[in-house]
Amino acid sequence: MTQRRDTLKWGALLPTALGIGALFTQEAQAFEKTAFEAKTWTDALKAMGVSSPTESKDLVLNCPDIAENGAVVPIAASCASPGVKKIIFLVDKNPSPLVAIFNVSEDILVNFSTRTKMSQTSDVMAVAVMQDGRALVSKKEIKVTLGGCGG
Amino acid sequence: MSDPMRIRAQSSAGQTTVRVLMSHEMETGLRKDAAGKTIPAWHIQEVVASLNGKQVFSAEWGTAVSKNPYLQFIIKGGKAGDKVSVTWRDTKGEQRTDEATVN
């Protein structure tokens with residue numbers, strides 16, 4: 001009998017726990033929302049508390065020189081130096097330059113690939129935010145022959 | 001409900017390379033439909049991945065990630081038989097989790 005009561009109690013508690021979990025992530029998103037809505041890449045970085053990144057050879061941005069289709073541009077970044085906290089991808093001339101934020105944990109290598117959309121020929125940037133607050137940047141211009149935004 | 005993700009996890013030399021193809025429209029909110037009305041933004045906002053139930057990876061995405069997103073990351077450790085699971089959540093609050101076995 002007690003067992004059944006316990007089950008009932010847990011059944012009632014579980015949705016509350018889930019509700020709190022959902023709330024937390026929503027707050028986290030609201031925090032970076034301004035960054036994702038920023039219209040320039042400097043504003044996007046500022047919204048995340050990153051300022052004046054220095055160019056670095058340790059941070060390697062891997063992407064093509066020319067993208068035939070702006071809707072699918074492969075980008076990849078890896079960083080050799082330790083202590084990276086976040087990798088941020090930005091496309092300078094996109095309507096909203098911030099593409100993605102990758103959080104680095106101790107269980108993964110600083111090596112991410114994805115695909116982005118580009119509206120036009122532009123600089124693409126990978127920014128590495130370090131544990132000590134420094135920021136590294138690596139830039140490359142990608143020529144787009146067919147834009148990937150708009151209908 | 002959205003289509004399942006395609007997840008491939010391969011381990012070699014003590015590292016596990018995870019490749020994921022998700023199925024999602026990734027609307028930017030800038031496109032217009034035939035009637036000239038703006039199609040509202042609808043994209044994946046949050047991605048998390050775990051190895052054997054322990055979270056190892058998380059990311060936040062904007063509208064500029066391509067339609068049917070591709071993602072690759074490398075987990076330190078992991079061996080054949082381990083389970084990698086990936087979850088995404090979009091701006092409509094919809095979410096999907098899929099799991100793959102490392103080989």
# chains A, B, ... in the order shown; residues from 1 in each chain; ligands from 1

$ residues_around --residues "Lys85 in chain A" --least-positions-apart "3" --cutoff "12 Å" --atoms "only C-alpha atoms" --output "PyMOL selection string"
(chain A and resi 50+79+81-82+88+101-106+108-110+127-136) or (chain B and resi 57-59)

$ write_last_selection --atoms "C-alpha atoms" --output "compact mmCIF listing (two decimals), in the first residue's frame"
# COMPACT_ATOMS: atom_id res chain seq x y z
CA VAL A 50 32.83 39.20 -25.77
CA CYS A 79 41.39 25.07 -31.85
CA SER A 81 45.18 25.78 -27.55
CA PRO A 82 43.60 24.55 -24.31
CA ILE A 88 30.95 30.98 -32.02
CA ILE A 101 27.29 28.84 -30.36
CA PHE A 102 29.00 25.59 -29.43
CA ASN A 103 29.72 25.02 -25.76
CA VAL A 104 32.93 23.14 -25.10
CA SER A 105 32.94 20.60 -22.29
CA GLU A 106 35.89 18.60 -20.98
CA ILE A 108 34.78 16.81 -26.28
CA LEU A 109 37.47 18.10 -28.59
CA VAL A 110 37.33 21.66 -29.87
CA VAL A 127 35.44 33.14 -32.42
CA ALA A 128 36.86 31.11 -29.56
CA VAL A 129 36.00 32.38 -26.08
CA MET A 130 38.64 31.22 -23.61
CA GLN A 131 38.19 30.33 -19.93
CA ASP A 132 40.26 33.36 -18.92
CA GLY A 133 38.00 35.75 -20.85
CA ARG A 134 40.24 36.27 -23.87
CA ALA A 135 38.74 35.80 -27.30
CA LEU A 136 40.42 34.53 -30.45
CA PHE B 57 27.84 18.57 -25.86
CA SER B 58 25.48 21.49 -26.14
CA ALA B 59 24.93 24.19 -28.71

$ closest_atom_pairs --of "chain B" --to "chain A" --cutoff "10 Å" --atoms "only C-alpha atoms" --output "tab-separated table"
residue	atom	partner	partner_atom	distance
B:Gln15	CA	A:Leu109	CA	9.0
B:Thr16	CA	A:Ile108	CA	9.1
B:Thr17	CA	A:Ile108	CA	9.8
B:Arg19	CA	A:Ser113	CA	9.0
B:Val20	CA	A:Thr114	CA	9.5
B:Leu21	CA	A:Thr114	CA	9.8
B:Glu27	CA	A:Cys149	CA	9.7
B:Thr28	CA	A:Cys149	CA	7.7
B:Gly29	CA	A:Gly150	CA	9.1
B:Leu30	CA	A:Gly150	CA	6.0
B:Arg31	CA	A:Gly150	CA	4.7
B:Lys32	CA	A:Gly151	CA	6.2
B:Asp33	CA	A:Gly151	CA	7.8
B:Ala34	CA	A:Gly151	CA	9.4
B:Gln45	CA	A:Gln29	CA	8.0
B:Glu46	CA	A:Gln29	CA	8.5
B:Val47	CA	A:Phe102	CA	9.2
B:Val48	CA	A:Asn103	CA	9.8
B:Ser50	CA	A:Asp107	CA	9.9
B:Leu51	CA	A:Asp107	CA	9.4
B:Lys54	CA	A:Asp107	CA	9.7
B:Gln55	CA	A:Asp107	CA	8.8
B:Val56	CA	A:Asp107	CA	5.6
B:Phe57	CA	A:Ser105	CA	6.6
B:Ser58	CA	A:Asn103	CA	5.5
B:Ala59	CA	A:Phe102	CA	4.4
B:Glu60	CA	A:Ile101	CA	5.0
B:Trp61	CA	A:Ala100	CA	4.3
B:Gly62	CA	A:Val99	CA	5.2
B:Thr63	CA	A:Val99	CA	6.8
B:Ala64	CA	A:Val99	CA	5.1
B:Val65	CA	A:Thr116	CA	4.4
B:Ser66	CA	A:Thr116	CA	4.8
B:Lys67	CA	A:Ala71	CA	7.8
B:Asn68	CA	A:Arg115	CA	9.3
B:Pro69	CA	A:Arg115	CA	6.6
B:Tyr70	CA	A:Thr114	CA	5.2
B:Leu71	CA	A:Thr114	CA	4.6
B:Gln72	CA	A:Ser113	CA	4.9
B:Phe73	CA	A:Phe112	CA	4.9
B:Ile74	CA	A:Leu109	CA	5.6
B:Ile75	CA	A:Ile108	CA	4.3
B:Lys76	CA	A:Ile108	CA	5.2
B:Gly77	CA	A:Asp107	CA	7.9
B:Gly78	CA	A:Asp107	CA	9.9
B:Gly93	CA	A:Ala22	CA	9.6

$ closest_residue --among "B:Thr91, B:Ser23, B:Ser2, B:Ser11" --to "His43 in chain B" --atoms "only C-alpha atoms"
B:Thr91

$ atom_distance --atom1 "CA of Gln120 in chain A" --atom2 "CA of Val144 in chain A"
5.5 Å

$ closest_residue --among "A:Ile75, A:Leu59, A:Met48, A:Val84" --to "Ile142 in chain A" --atoms "only C-alpha atoms"
A:Ile75

$ atom_distance --atom1 "CA of Gln10 in chain B" --atom2 "CA of Thr101 in chain B"
8.8 Å
